[in-house]
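Input: a single structure, listed below in structure tokens.
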Amino acid sequence: MRTYVRMEIACVIDCRLTAPERPGHSGGLRPGRESSPDRVADPVAAAEATEAMARRLEGIGAAVEAERAGEIFFAVGGLRGLYGGDVAGVTREARRSAGVPVLIGVAPTRTAARAAAERGEVVVTPERLANFLAPLPTTVLPGRLGEPRRAAEALVVSLERLGIGTLGALRRLHHDQMADRFGPLGLRALRIARGEEEPLRPRVPHEDLVEEIELPEGVAGSQLDRALGLLVDRLLAAPARKGRTLLGVRLGARLCGGGSWSVDQGLGRPSAAAGVLRRLLVPRLEGLPGPAEALRLRALGFGPPAADQLVMEVGGSEPRRRRLGAAVREVRAAQGADALLRVLPVDTGSRVPERRDLLTPFPEL
Amino acid sequence: MAGPRRLNEPRPVAVRAAGDGTPRTVGPVAVEAVREEWLVEDRWWTPRPLRRHYFELALADGRALTVFRDADDGRWFRQRA
């Protein structure tokens, strides 16, 4: 038996990034509405804008869940005490801090909060939740069911063929029927229709460290590599890094022909070595789909500060030899002198098999 | 380990051979087929020459095994060739 904690969830929708969904279609505008000229269509730019809004909301103390561009959830609960003691005070502060035109709705579940936001600022109480969800079309489900979206959309189409077009109709189905016919996805849809959603999974707030460099027209090849090197140096030199290592970076570019591109690169182990970053990122530039007018590098996570910096690749043979020698001594100390041997080829072409190789102690380095 | 030692030294093995010298059994296992055979003669210019008759065998239990007969003393050995 699952336990669902009823809480007040606020949904903040960036009007520039998302449009209310129309029945039978994923995304898109409602008939009669036109896309506004300041709408952000580029997915990378949309992700950046959402990230910026999430940070501003974190700035007022909200623990945000931001998994889709243009849509952010946070729990109202603890913020009441900070902003006037009621929901209206919290939403007012969220609207002010967002800094862009937003729609805000508050309800006990994400689905209801999103729908409430799309209708303008509406607060749905737990008592009203069932009645509020009932008339919502099943087309709201794909956005909430998670990946794969295609499977979720197929579920909605199947439900419509069965004459189930609203969450109210869906809610009346029996648990066993849904499990039998639609499996885990169907059960998840049923729980959403009944107002039983998982608690919010707020992200851990992290600092934003990003550097951008404008590129002269026509930069390519080794010039682009040098620009990336400069960008890496600037990111590592940023005072906000405070000597900490990086766990990963996101390399992005604004393209000359419009649009943008980005790729995430993990570092394998925490590092703040410019050489390591360059070696990992330069090959990624080959994925650039066209000439770029700007490169951007963002730190995706911070590791511990490191004075004695680890590098992924040891340059030159001497450090490698030193480390190998230490490893040999360590193994011998633990396992005995004969623990480490090596096969020494002496006469590999001999017709007498026992003359080809010798087993010798591994030499001290 | 005192010093270097040879890898793949010959190990004695019990072989029963036919009249023409071809192995028939290795231990209790019958020889299914002789896949290849060859002679190795070496150090014939020294007081201790080396003369071996190698047989690459397929045994009845599915194993592949290489054995040789020392031409000087007639003893059999197995060895990875």
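Convention: chains lettered A, B, ... in structure tokens order; per-chain residue numbering from 1; ligands numbered from 1 as shown.
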Filtered DSSP result for chain B, state strand (DSSP E), as a compact mmCIF listing (two decimals) with all heavy atoms, in the first residue's frame:
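For reference, result-v5.txt as written:
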# COMPACT_ATOMS: atom_id res chain seq x y z
N ARG B 5 62.91 -19.23 -14.23
CA ARG B 5 62.68 -20.63 -14.58
C ARG B 5 61.94 -20.68 -15.91
O ARG B 5 61.25 -19.73 -16.29
CB ARG B 5 61.92 -21.36 -13.48
CG ARG B 5 60.49 -20.97 -13.29
CD ARG B 5 59.86 -21.87 -12.22
NE ARG B 5 58.56 -21.40 -11.82
CZ ARG B 5 57.43 -21.70 -12.45
NH1 ARG B 5 57.45 -22.42 -13.55
NH2 ARG B 5 56.28 -21.24 -12.00
N ARG B 6 62.14 -21.84 -16.56
CA ARG B 6 61.54 -21.97 -17.89
C ARG B 6 60.03 -22.15 -17.77
O ARG B 6 59.55 -22.78 -16.83
CB ARG B 6 62.12 -23.18 -18.61
CG ARG B 6 63.57 -23.03 -19.00
CD ARG B 6 64.02 -24.26 -19.77
NE ARG B 6 65.45 -24.22 -20.02
CZ ARG B 6 66.00 -23.53 -21.02
NH1 ARG B 6 65.25 -22.80 -21.81
NH2 ARG B 6 67.31 -23.53 -21.20
N ARG B 11 56.21 -32.45 -19.25
CA ARG B 11 55.80 -33.21 -18.07
C ARG B 11 55.59 -34.67 -18.48
O ARG B 11 54.93 -34.91 -19.51
CB ARG B 11 54.50 -32.64 -17.50
CG ARG B 11 54.69 -31.25 -16.99
CD ARG B 11 53.43 -30.72 -16.37
NE ARG B 11 53.63 -29.35 -15.91
CZ ARG B 11 52.72 -28.65 -15.26
NH1 ARG B 11 51.54 -29.19 -15.03
NH2 ARG B 11 52.99 -27.43 -14.87
N PRO B 12 56.08 -35.58 -17.65
CA PRO B 12 55.94 -37.00 -18.01
C PRO B 12 54.47 -37.39 -18.12
O PRO B 12 53.62 -36.89 -17.36
CB PRO B 12 56.61 -37.73 -16.86
CG PRO B 12 57.46 -36.71 -16.20
CD PRO B 12 56.81 -35.40 -16.41
N VAL B 15 51.89 -43.06 -21.93
CA VAL B 15 51.34 -43.25 -23.28
C VAL B 15 51.58 -44.69 -23.70
O VAL B 15 52.67 -45.22 -23.49
CB VAL B 15 52.01 -42.27 -24.28
CG1 VAL B 15 51.57 -42.58 -25.72
CG2 VAL B 15 51.69 -40.83 -23.94
N ARG B 16 50.54 -45.33 -24.26
CA ARG B 16 50.75 -46.64 -24.90
C ARG B 16 50.70 -46.42 -26.40
O ARG B 16 49.78 -45.77 -26.91
CB ARG B 16 49.66 -47.63 -24.47
CG ARG B 16 49.97 -48.24 -23.08
CD ARG B 16 49.22 -49.53 -22.83
NE ARG B 16 47.77 -49.36 -22.87
CZ ARG B 16 47.00 -50.04 -23.71
NH1 ARG B 16 47.51 -50.90 -24.56
NH2 ARG B 16 45.70 -49.85 -23.69
N ALA B 17 51.73 -46.95 -27.07
CA ALA B 17 51.83 -46.69 -28.51
C ALA B 17 51.69 -47.98 -29.29
O ALA B 17 51.94 -49.09 -28.76
CB ALA B 17 53.18 -46.04 -28.81
N PRO B 23 50.79 -42.99 -30.81
CA PRO B 23 50.08 -43.15 -29.54
C PRO B 23 48.69 -43.74 -29.72
O PRO B 23 47.98 -43.37 -30.65
CB PRO B 23 49.99 -41.71 -29.00
CG PRO B 23 51.05 -40.97 -29.70
CD PRO B 23 51.19 -41.60 -31.05
N ARG B 24 48.31 -44.69 -28.81
CA ARG B 24 46.96 -45.28 -28.84
C ARG B 24 46.14 -44.79 -27.66
O ARG B 24 44.95 -44.54 -27.78
CB ARG B 24 47.08 -46.82 -28.79
CG ARG B 24 47.55 -47.42 -30.09
CD ARG B 24 46.39 -47.41 -31.12
NE ARG B 24 46.83 -47.86 -32.42
CZ ARG B 24 47.06 -47.03 -33.45
NH1 ARG B 24 46.89 -45.74 -33.32
NH2 ARG B 24 47.46 -47.52 -34.63
N THR B 25 46.80 -44.68 -26.49
CA THR B 25 46.11 -44.13 -25.32
C THR B 25 47.06 -43.17 -24.59
O THR B 25 48.28 -43.33 -24.63
CB THR B 25 45.69 -45.23 -24.31
OG1 THR B 25 46.87 -45.89 -23.86
CG2 THR B 25 44.73 -46.23 -24.92
N VAL B 26 46.46 -42.17 -23.95
CA VAL B 26 47.20 -41.26 -23.07
C VAL B 26 46.56 -41.41 -21.70
O VAL B 26 45.40 -41.01 -21.52
CB VAL B 26 47.13 -39.81 -23.55
CG1 VAL B 26 47.85 -38.88 -22.58
CG2 VAL B 26 47.73 -39.68 -24.94
N VAL B 29 42.80 -42.64 -21.40
CA VAL B 29 41.94 -42.10 -22.47
C VAL B 29 42.48 -42.52 -23.84
O VAL B 29 43.69 -42.39 -24.11
CB VAL B 29 41.89 -40.55 -22.39
CG1 VAL B 29 40.92 -40.00 -23.43
CG2 VAL B 29 41.49 -40.12 -21.00
N ALA B 30 41.58 -43.01 -24.67
CA ALA B 30 41.98 -43.44 -26.01
C ALA B 30 42.26 -42.24 -26.91
O ALA B 30 41.69 -41.16 -26.72
CB ALA B 30 40.87 -44.29 -26.63
N VAL B 31 43.15 -42.45 -27.86
CA VAL B 31 43.44 -41.40 -28.84
C VAL B 31 42.45 -41.53 -30.00
O VAL B 31 42.31 -42.62 -30.58
CB VAL B 31 44.89 -41.53 -29.35
CG1 VAL B 31 45.14 -40.56 -30.49
CG2 VAL B 31 45.88 -41.29 -28.22
N GLU B 32 41.77 -40.46 -30.28
CA GLU B 32 40.77 -40.48 -31.35
C GLU B 32 41.44 -40.30 -32.71
O GLU B 32 41.11 -40.97 -33.67
CB GLU B 32 39.76 -39.34 -31.11
CG GLU B 32 38.54 -39.38 -32.00
CD GLU B 32 37.55 -40.45 -31.53
OE1 GLU B 32 37.67 -40.91 -30.38
OE2 GLU B 32 36.70 -40.83 -32.34
N ALA B 33 42.40 -39.36 -32.76
CA ALA B 33 43.07 -39.10 -34.04
C ALA B 33 44.40 -38.42 -33.80
O ALA B 33 44.58 -37.74 -32.78
CB ALA B 33 42.18 -38.21 -34.92
N VAL B 34 45.32 -38.62 -34.69
CA VAL B 34 46.58 -37.87 -34.68
C VAL B 34 46.42 -36.74 -35.70
O VAL B 34 46.26 -36.98 -36.89
CB VAL B 34 47.77 -38.77 -35.08
CG1 VAL B 34 49.05 -37.95 -35.15
CG2 VAL B 34 47.92 -39.91 -34.09
N ARG B 35 46.38 -35.52 -35.18
CA ARG B 35 46.10 -34.38 -36.07
C ARG B 35 47.35 -33.97 -36.84
O ARG B 35 47.30 -33.50 -37.95
CB ARG B 35 45.56 -33.21 -35.26
CG ARG B 35 44.25 -33.55 -34.55
CD ARG B 35 43.78 -32.40 -33.69
NE ARG B 35 43.49 -31.22 -34.48
CZ ARG B 35 43.43 -30.00 -33.99
NH1 ARG B 35 43.65 -29.80 -32.71
NH2 ARG B 35 43.16 -28.98 -34.77
N GLU B 36 48.50 -34.12 -36.16
CA GLU B 36 49.74 -33.71 -36.83
C GLU B 36 50.90 -34.36 -36.09
O GLU B 36 50.80 -34.69 -34.91
CB GLU B 36 49.89 -32.17 -36.78
CG GLU B 36 50.81 -31.65 -37.84
CD GLU B 36 50.82 -30.12 -37.89
OE1 GLU B 36 49.90 -29.49 -37.31
OE2 GLU B 36 51.76 -29.59 -38.48
N GLU B 37 52.00 -34.57 -36.78
CA GLU B 37 53.20 -35.05 -36.10
C GLU B 37 54.43 -34.43 -36.77
O GLU B 37 54.40 -34.08 -37.95
CB GLU B 37 53.27 -36.58 -36.13
CG GLU B 37 53.36 -37.20 -37.52
CD GLU B 37 53.45 -38.71 -37.43
OE1 GLU B 37 54.50 -39.21 -36.99
OE2 GLU B 37 52.46 -39.38 -37.80
N TRP B 38 55.47 -34.24 -35.96
CA TRP B 38 56.69 -33.65 -36.50
C TRP B 38 57.89 -34.04 -35.64
O TRP B 38 57.73 -34.48 -34.48
CB TRP B 38 56.57 -32.13 -36.61
CG TRP B 38 56.45 -31.40 -35.31
CD1 TRP B 38 57.45 -30.81 -34.63
CD2 TRP B 38 55.26 -31.16 -34.55
NE1 TRP B 38 56.97 -30.22 -33.49
CE2 TRP B 38 55.61 -30.41 -33.42
CE3 TRP B 38 53.90 -31.52 -34.73
CZ2 TRP B 38 54.70 -30.02 -32.47
CZ3 TRP B 38 53.00 -31.11 -33.78
CH2 TRP B 38 53.39 -30.37 -32.67
N LEU B 39 59.04 -33.90 -36.23
CA LEU B 39 60.28 -34.26 -35.54
C LEU B 39 61.05 -32.99 -35.20
O LEU B 39 61.07 -32.04 -36.00
CB LEU B 39 61.17 -35.12 -36.45
CG LEU B 39 60.71 -36.57 -36.68
CD1 LEU B 39 61.54 -37.19 -37.79
CD2 LEU B 39 60.88 -37.38 -35.40
N VAL B 40 61.65 -32.97 -34.02
CA VAL B 40 62.53 -31.86 -33.64
C VAL B 40 63.89 -32.45 -33.30
O VAL B 40 63.99 -33.30 -32.41
CB VAL B 40 61.97 -31.08 -32.43
CG1 VAL B 40 62.98 -30.05 -31.96
CG2 VAL B 40 60.66 -30.41 -32.79
N GLU B 41 64.89 -32.03 -34.03
CA GLU B 41 66.27 -32.45 -33.72
C GLU B 41 67.09 -31.20 -33.52
O GLU B 41 67.09 -30.30 -34.36
CB GLU B 41 66.83 -33.29 -34.87
CG GLU B 41 66.13 -34.64 -35.02
CD GLU B 41 66.94 -35.62 -35.86
OE1 GLU B 41 68.07 -35.26 -36.24
OE2 GLU B 41 66.43 -36.71 -36.11
N ASP B 42 67.77 -31.17 -32.41
CA ASP B 42 68.51 -29.95 -32.06
C ASP B 42 69.76 -30.34 -31.27
O ASP B 42 69.82 -31.43 -30.69
CB ASP B 42 67.61 -29.01 -31.26
CG ASP B 42 68.11 -27.58 -31.31
OD1 ASP B 42 69.06 -27.31 -32.06
OD2 ASP B 42 67.55 -26.73 -30.58
N LEU B 50 69.23 -33.37 -28.80
CA LEU B 50 67.80 -33.42 -28.45
C LEU B 50 67.05 -33.94 -29.67
O LEU B 50 67.14 -33.36 -30.76
CB LEU B 50 67.35 -32.01 -28.07
CG LEU B 50 65.92 -31.77 -27.61
CD1 LEU B 50 65.89 -30.65 -26.59
CD2 LEU B 50 65.03 -31.39 -28.79
N ARG B 51 66.36 -35.10 -29.48
CA ARG B 51 65.57 -35.66 -30.59
C ARG B 51 64.18 -36.02 -30.05
O ARG B 51 64.07 -36.85 -29.14
CB ARG B 51 66.27 -36.91 -31.15
CG ARG B 51 67.45 -36.59 -32.05
CD ARG B 51 67.85 -37.81 -32.86
NE ARG B 51 68.38 -38.88 -32.04
CZ ARG B 51 69.67 -38.97 -31.66
NH1 ARG B 51 70.55 -38.07 -32.06
NH2 ARG B 51 70.07 -39.97 -30.92
N ARG B 52 63.18 -35.36 -30.61
CA ARG B 52 61.81 -35.59 -30.12
C ARG B 52 60.88 -35.84 -31.30
O ARG B 52 61.00 -35.17 -32.34
CB ARG B 52 61.28 -34.35 -29.37
CG ARG B 52 62.02 -34.07 -28.09
CD ARG B 52 61.52 -32.75 -27.49
NE ARG B 52 62.19 -32.46 -26.23
CZ ARG B 52 61.99 -31.34 -25.53
NH1 ARG B 52 61.16 -30.42 -26.00
NH2 ARG B 52 62.62 -31.15 -24.40
N HIS B 53 59.94 -36.75 -31.06
CA HIS B 53 58.89 -37.00 -32.06
C HIS B 53 57.56 -36.51 -31.47
O HIS B 53 57.04 -37.10 -30.53
CB HIS B 53 58.82 -38.51 -32.38
CG HIS B 53 57.99 -38.79 -33.59
ND1 HIS B 53 57.99 -40.02 -34.23
CD2 HIS B 53 57.14 -38.03 -34.30
CE1 HIS B 53 57.17 -39.98 -35.25
NE2 HIS B 53 56.64 -38.77 -35.31
N TYR B 54 57.08 -35.38 -31.99
CA TYR B 54 55.86 -34.76 -31.45
C TYR B 54 54.62 -35.31 -32.14
O TYR B 54 54.62 -35.57 -33.35
CB TYR B 54 55.91 -33.24 -31.66
CG TYR B 54 56.69 -32.48 -30.60
CD1 TYR B 54 58.06 -32.30 -30.73
CD2 TYR B 54 56.05 -31.95 -29.50
CE1 TYR B 54 58.78 -31.59 -29.77
CE2 TYR B 54 56.76 -31.24 -28.54
CZ TYR B 54 58.11 -31.07 -28.68
OH TYR B 54 58.81 -30.38 -27.72
N PHE B 55 53.54 -35.44 -31.34
CA PHE B 55 52.23 -35.82 -31.89
C PHE B 55 51.18 -34.83 -31.34
O PHE B 55 51.11 -34.65 -30.11
CB PHE B 55 51.82 -37.23 -31.46
CG PHE B 55 52.74 -38.30 -31.99
CD1 PHE B 55 53.86 -38.69 -31.28
CD2 PHE B 55 52.48 -38.91 -33.21
CE1 PHE B 55 54.70 -39.67 -31.76
CE2 PHE B 55 53.32 -39.91 -33.69
CZ PHE B 55 54.45 -40.28 -32.98
N GLU B 56 50.42 -34.28 -32.23
CA GLU B 56 49.28 -33.47 -31.78
C GLU B 56 48.05 -34.35 -31.87
O GLU B 56 47.68 -34.79 -32.97
CB GLU B 56 49.12 -32.22 -32.66
CG GLU B 56 48.09 -31.26 -32.13
CD GLU B 56 47.94 -30.05 -33.04
OE1 GLU B 56 48.95 -29.64 -33.67
OE2 GLU B 56 46.82 -29.55 -33.14
N LEU B 57 47.44 -34.62 -30.70
CA LEU B 57 46.40 -35.64 -30.64
C LEU B 57 45.02 -35.04 -30.33
O LEU B 57 44.91 -34.03 -29.64
CB LEU B 57 46.74 -36.65 -29.52
CG LEU B 57 48.13 -37.27 -29.55
CD1 LEU B 57 48.34 -38.12 -28.30
CD2 LEU B 57 48.32 -38.10 -30.81
N ALA B 58 44.01 -35.73 -30.85
CA ALA B 58 42.63 -35.48 -30.40
C ALA B 58 42.22 -36.69 -29.58
O ALA B 58 42.27 -37.82 -30.08
CB ALA B 58 41.71 -35.29 -31.60
N LEU B 59 41.86 -36.46 -28.30
CA LEU B 59 41.53 -37.59 -27.43
C LEU B 59 40.04 -37.89 -27.47
O LEU B 59 39.22 -37.04 -27.87
CB LEU B 59 41.96 -37.26 -25.99
CG LEU B 59 43.45 -36.95 -25.81
CD1 LEU B 59 43.75 -36.76 -24.33
CD2 LEU B 59 44.33 -38.06 -26.37
N ALA B 64 42.37 -31.71 -26.73
CA ALA B 64 43.48 -31.72 -27.68
C ALA B 64 44.76 -31.71 -26.85
O ALA B 64 44.86 -30.97 -25.87
CB ALA B 64 43.41 -30.50 -28.59
N LEU B 65 45.71 -32.53 -27.21
CA LEU B 65 46.92 -32.67 -26.39
C LEU B 65 48.13 -32.88 -27.30
O LEU B 65 48.03 -33.56 -28.33
CB LEU B 65 46.75 -33.88 -25.47
CG LEU B 65 47.81 -34.07 -24.39
CD1 LEU B 65 47.69 -32.98 -23.32
CD2 LEU B 65 47.64 -35.45 -23.72
N THR B 66 49.24 -32.25 -26.92
CA THR B 66 50.48 -32.48 -27.67
C THR B 66 51.43 -33.28 -26.79
O THR B 66 51.68 -32.91 -25.63
CB THR B 66 51.12 -31.14 -28.07
OG1 THR B 66 50.18 -30.40 -28.85
CG2 THR B 66 52.38 -31.38 -28.90
N VAL B 67 51.92 -34.41 -27.30
CA VAL B 67 52.87 -35.24 -26.55
C VAL B 67 54.09 -35.46 -27.45
O VAL B 67 54.03 -35.25 -28.67
CB VAL B 67 52.25 -36.60 -26.16
CG1 VAL B 67 51.05 -36.41 -25.25
CG2 VAL B 67 51.88 -37.40 -27.40
N PHE B 68 55.21 -35.84 -26.82
CA PHE B 68 56.35 -36.23 -27.65
C PHE B 68 57.05 -37.42 -27.00
O PHE B 68 56.95 -37.65 -25.78
CB PHE B 68 57.29 -35.06 -27.88
CG PHE B 68 58.06 -34.60 -26.67
CD1 PHE B 68 59.23 -35.27 -26.24
CD2 PHE B 68 57.66 -33.47 -25.97
CE1 PHE B 68 59.94 -34.82 -25.15
CE2 PHE B 68 58.36 -33.02 -24.87
CZ PHE B 68 59.51 -33.70 -24.44
N ARG B 69 57.76 -38.16 -27.83
CA ARG B 69 58.57 -39.30 -27.36
C ARG B 69 60.02 -38.91 -27.52
O ARG B 69 60.44 -38.47 -28.59
CB ARG B 69 58.25 -40.54 -28.19
CG ARG B 69 59.02 -41.77 -27.77
CD ARG B 69 58.59 -42.97 -28.59
NE ARG B 69 59.37 -44.13 -28.23
CZ ARG B 69 60.58 -44.40 -28.75
NH1 ARG B 69 61.12 -43.61 -29.64
NH2 ARG B 69 61.24 -45.49 -28.37
N ASP B 70 60.74 -39.02 -26.41
CA ASP B 70 62.17 -38.72 -26.46
C ASP B 70 62.87 -39.89 -27.16
O ASP B 70 62.80 -41.04 -26.71
CB ASP B 70 62.70 -38.53 -25.03
CG ASP B 70 64.12 -37.98 -25.03
OD1 ASP B 70 64.96 -38.51 -25.79
OD2 ASP B 70 64.37 -37.01 -24.29
N TRP B 76 57.83 -40.74 -22.63
CA TRP B 76 56.81 -39.85 -23.21
C TRP B 76 56.59 -38.64 -22.30
O TRP B 76 56.61 -38.76 -21.08
CB TRP B 76 55.49 -40.59 -23.39
CG TRP B 76 55.51 -41.59 -24.52
CD1 TRP B 76 55.89 -42.89 -24.44
CD2 TRP B 76 55.14 -41.34 -25.88
NE1 TRP B 76 55.79 -43.50 -25.67
CE2 TRP B 76 55.31 -42.56 -26.58
CE3 TRP B 76 54.69 -40.24 -26.58
CZ2 TRP B 76 55.05 -42.69 -27.93
CZ3 TRP B 76 54.41 -40.37 -27.93
CH2 TRP B 76 54.59 -41.58 -28.60
N PHE B 77 56.33 -37.49 -22.94
CA PHE B 77 56.04 -36.25 -22.21
C PHE B 77 54.89 -35.52 -22.91
O PHE B 77 54.67 -35.71 -24.12
CB PHE B 77 57.26 -35.32 -22.21
CG PHE B 77 58.46 -35.89 -21.52
CD1 PHE B 77 59.36 -36.72 -22.20
CD2 PHE B 77 58.70 -35.61 -20.19
CE1 PHE B 77 60.46 -37.24 -21.56
CE2 PHE B 77 59.81 -36.13 -19.55
CZ PHE B 77 60.69 -36.95 -20.23
N ARG B 78 54.19 -34.73 -22.12
CA ARG B 78 53.21 -33.81 -22.76
C ARG B 78 53.73 -32.40 -22.62
O ARG B 78 54.44 -32.05 -21.65
CB ARG B 78 51.82 -33.95 -22.15
CG ARG B 78 51.68 -33.54 -20.72
CD ARG B 78 50.27 -33.86 -20.26
NE ARG B 78 50.11 -33.64 -18.83
CZ ARG B 78 49.70 -32.47 -18.31
NH1 ARG B 78 49.44 -31.44 -19.10
NH2 ARG B 78 49.56 -32.34 -17.01
| query | Which chain A residues are at most 10 Å from chain B (counting only C-alpha atoms), as a VMD selection string? | reply | chain A and resid 337 to 339 341 to 345 351 to 361
I need the residues from that last selection saved to file as an mmCIF file, in the first residue's frame (with C-alpha atoms), if you can.
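Output contents, as saved in out_14.cif:
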data_model
loop_
_atom_site.group_PDB
_atom_site.id
_atom_site.type_symbol
_atom_site.label_atom_id
_atom_site.label_comp_id
_atom_site.auth_asym_id
_atom_site.auth_seq_id
_atom_site.Cartn_x
_atom_site.Cartn_y
_atom_site.Cartn_z
ATOM 1 C CA ALA A 337 58.332 -11.650 -2.915
ATOM 2 C CA ASP A 338 57.120 -14.176 -5.502
ATOM 3 C CA ALA A 339 53.754 -12.535 -5.914
ATOM 4 C CA LEU A 341 56.511 -12.223 -11.831
ATOM 5 C CA ARG A 342 56.750 -11.526 -15.498
ATOM 6 C CA VAL A 343 57.106 -13.607 -18.612
ATOM 7 C CA LEU A 344 60.328 -12.773 -20.412
ATOM 8 C CA PRO A 345 60.420 -13.810 -24.077
ATOM 9 C CA ARG A 351 61.147 -25.160 -32.122
ATOM 10 C CA VAL A 352 61.688 -26.380 -28.562
ATOM 11 C CA PRO A 353 58.760 -24.934 -26.607
ATOM 12 C CA GLU A 354 60.430 -24.688 -23.186
ATOM 13 C CA ARG A 355 63.136 -22.434 -24.594
ATOM 14 C CA ARG A 356 60.807 -19.688 -25.758
ATOM 15 C CA ASP A 357 59.925 -17.921 -22.478
ATOM 16 C CA LEU A 358 61.301 -17.500 -18.983
ATOM 17 C CA LEU A 359 59.380 -16.679 -15.821
ATOM 18 C CA THR A 360 61.356 -14.045 -13.931
ATOM 19 C CA PRO A 361 60.780 -11.837 -10.873
#
| field | Who sits within 12 Å of Ser262 (chain A), only C-alpha atoms, same chain under 2 positions skipped, as a ChimeraX atom specification | value | /A:42-45,47-48,249-255,259-260,264-265,281,284-289,292,294-298
Please produce a file of the residues just selected, as a compact mmCIF listing (two decimals), in the first residue's frame, where the atoms kept are N, CA and C atoms.
# COMPACT_ATOMS: atom_id res chain seq x y z
N ASP A 42 14.17 27.68 -29.22
CA ASP A 42 15.39 26.87 -29.19
C ASP A 42 15.47 26.07 -27.89
N PRO A 43 15.57 24.74 -27.96
CA PRO A 43 15.54 23.94 -26.73
C PRO A 43 16.68 24.24 -25.76
N VAL A 44 17.87 24.51 -26.30
CA VAL A 44 18.99 24.81 -25.40
C VAL A 44 18.74 26.14 -24.68
N ALA A 45 18.27 27.14 -25.45
CA ALA A 45 17.96 28.43 -24.83
C ALA A 45 16.83 28.28 -23.82
N ALA A 47 16.19 25.60 -22.04
CA ALA A 47 16.75 24.98 -20.84
C ALA A 47 17.50 26.01 -20.01
N GLU A 48 18.23 26.89 -20.68
CA GLU A 48 18.97 27.94 -19.97
C GLU A 48 18.00 28.87 -19.24
N VAL A 249 31.10 19.34 -17.03
CA VAL A 249 30.87 20.64 -17.65
C VAL A 249 29.89 20.48 -18.81
N ARG A 250 29.25 21.58 -19.15
CA ARG A 250 28.39 21.60 -20.33
C ARG A 250 28.97 22.60 -21.32
N LEU A 251 29.34 22.10 -22.46
CA LEU A 251 29.88 22.96 -23.52
C LEU A 251 28.74 23.29 -24.46
N GLY A 252 28.52 24.58 -24.68
CA GLY A 252 27.44 24.99 -25.55
C GLY A 252 27.93 26.01 -26.56
N ALA A 253 27.14 26.20 -27.59
CA ALA A 253 27.51 27.18 -28.61
C ALA A 253 26.25 27.84 -29.16
N ARG A 254 26.38 29.14 -29.46
CA ARG A 254 25.33 29.84 -30.21
C ARG A 254 25.76 29.79 -31.67
N LEU A 255 24.89 29.32 -32.53
CA LEU A 255 25.28 29.11 -33.91
C LEU A 255 25.01 30.35 -34.76
N GLY A 259 19.88 29.28 -33.65
CA GLY A 259 19.84 28.04 -32.91
C GLY A 259 21.07 27.87 -32.04
N SER A 260 21.15 26.77 -31.36
CA SER A 260 22.25 26.55 -30.45
C SER A 260 22.55 25.06 -30.35
N ASP A 264 26.99 17.65 -22.77
CA ASP A 264 27.49 17.49 -21.39
C ASP A 264 28.70 16.56 -21.39
N GLN A 265 29.67 16.90 -20.59
CA GLN A 265 30.88 16.08 -20.51
C GLN A 265 31.23 15.83 -19.05
N LEU A 281 37.34 18.14 -24.06
CA LEU A 281 36.36 18.98 -24.75
C LEU A 281 36.69 19.23 -26.22
N ARG A 284 34.94 17.12 -28.61
CA ARG A 284 33.49 17.35 -28.65
C ARG A 284 33.13 18.45 -29.63
N LEU A 285 34.10 19.34 -29.92
CA LEU A 285 33.82 20.43 -30.85
C LEU A 285 33.50 19.90 -32.25
N GLU A 286 33.95 18.67 -32.53
CA GLU A 286 33.66 18.10 -33.85
C GLU A 286 32.16 17.89 -34.04
N GLY A 287 31.44 17.85 -32.93
CA GLY A 287 29.99 17.67 -33.02
C GLY A 287 29.23 18.95 -33.34
N LEU A 288 29.95 20.08 -33.39
CA LEU A 288 29.29 21.35 -33.72
C LEU A 288 28.62 21.24 -35.08
N PRO A 289 27.33 21.53 -35.16
CA PRO A 289 26.66 21.35 -36.45
C PRO A 289 26.94 22.46 -37.45
N ALA A 292 29.98 28.73 -35.20
CA ALA A 292 29.43 29.26 -33.95
C ALA A 292 29.81 30.72 -33.79
N ALA A 294 29.37 32.08 -30.60
CA ALA A 294 29.78 32.16 -29.18
C ALA A 294 29.89 30.76 -28.61
N LEU A 295 30.87 30.59 -27.72
CA LEU A 295 31.02 29.33 -27.00
C LEU A 295 30.73 29.59 -25.53
N ARG A 296 30.09 28.61 -24.87
CA ARG A 296 29.76 28.78 -23.46
C ARG A 296 30.16 27.51 -22.72
N LEU A 297 30.72 27.69 -21.52
CA LEU A 297 31.13 26.55 -20.72
C LEU A 297 30.55 26.72 -19.32
N ARG A 298 29.80 25.71 -18.88
CA ARG A 298 29.14 25.79 -17.57
C ARG A 298 29.60 24.62 -16.71
Pro108 (chain A) environment, 7 Å, only C-alpha atoms, sequence neighbours closer than 5 positions dropped, as a short mmCIF file (atom, residue, chain, number, x, y, z; two decimals) with N, CA, C and O atoms, in the first residue's frame:
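Dumped to out.cif:
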data_model
loop_
_atom_site.label_atom_id
_atom_site.label_comp_id
_atom_site.auth_asym_id
_atom_site.auth_seq_id
_atom_site.Cartn_x
_atom_site.Cartn_y
_atom_site.Cartn_z
N ARG A 6 -0.08 14.49 1.05
CA ARG A 6 -0.73 15.63 0.40
C ARG A 6 0.00 16.90 0.81
O ARG A 6 0.22 17.17 1.97
N MET A 7 0.44 17.66 -0.19
CA MET A 7 1.12 18.91 0.11
C MET A 7 0.65 19.97 -0.88
O MET A 7 -0.06 19.66 -1.84
N GLU A 8 1.02 21.17 -0.61
CA GLU A 8 0.68 22.25 -1.54
C GLU A 8 1.83 22.41 -2.51
O GLU A 8 2.93 22.81 -2.10
N ILE A 9 1.56 22.10 -3.76
CA ILE A 9 2.60 22.18 -4.77
C ILE A 9 2.29 23.36 -5.68
O ILE A 9 1.18 23.47 -6.21
N THR A 125 -7.66 23.31 -3.34
CA THR A 125 -7.49 22.73 -2.00
C THR A 125 -7.62 21.21 -2.10
O THR A 125 -8.19 20.69 -3.07
N PRO A 126 -7.14 20.47 -1.10
CA PRO A 126 -7.27 19.01 -1.13
C PRO A 126 -8.73 18.57 -1.25
O PRO A 126 -9.02 17.57 -1.91
#
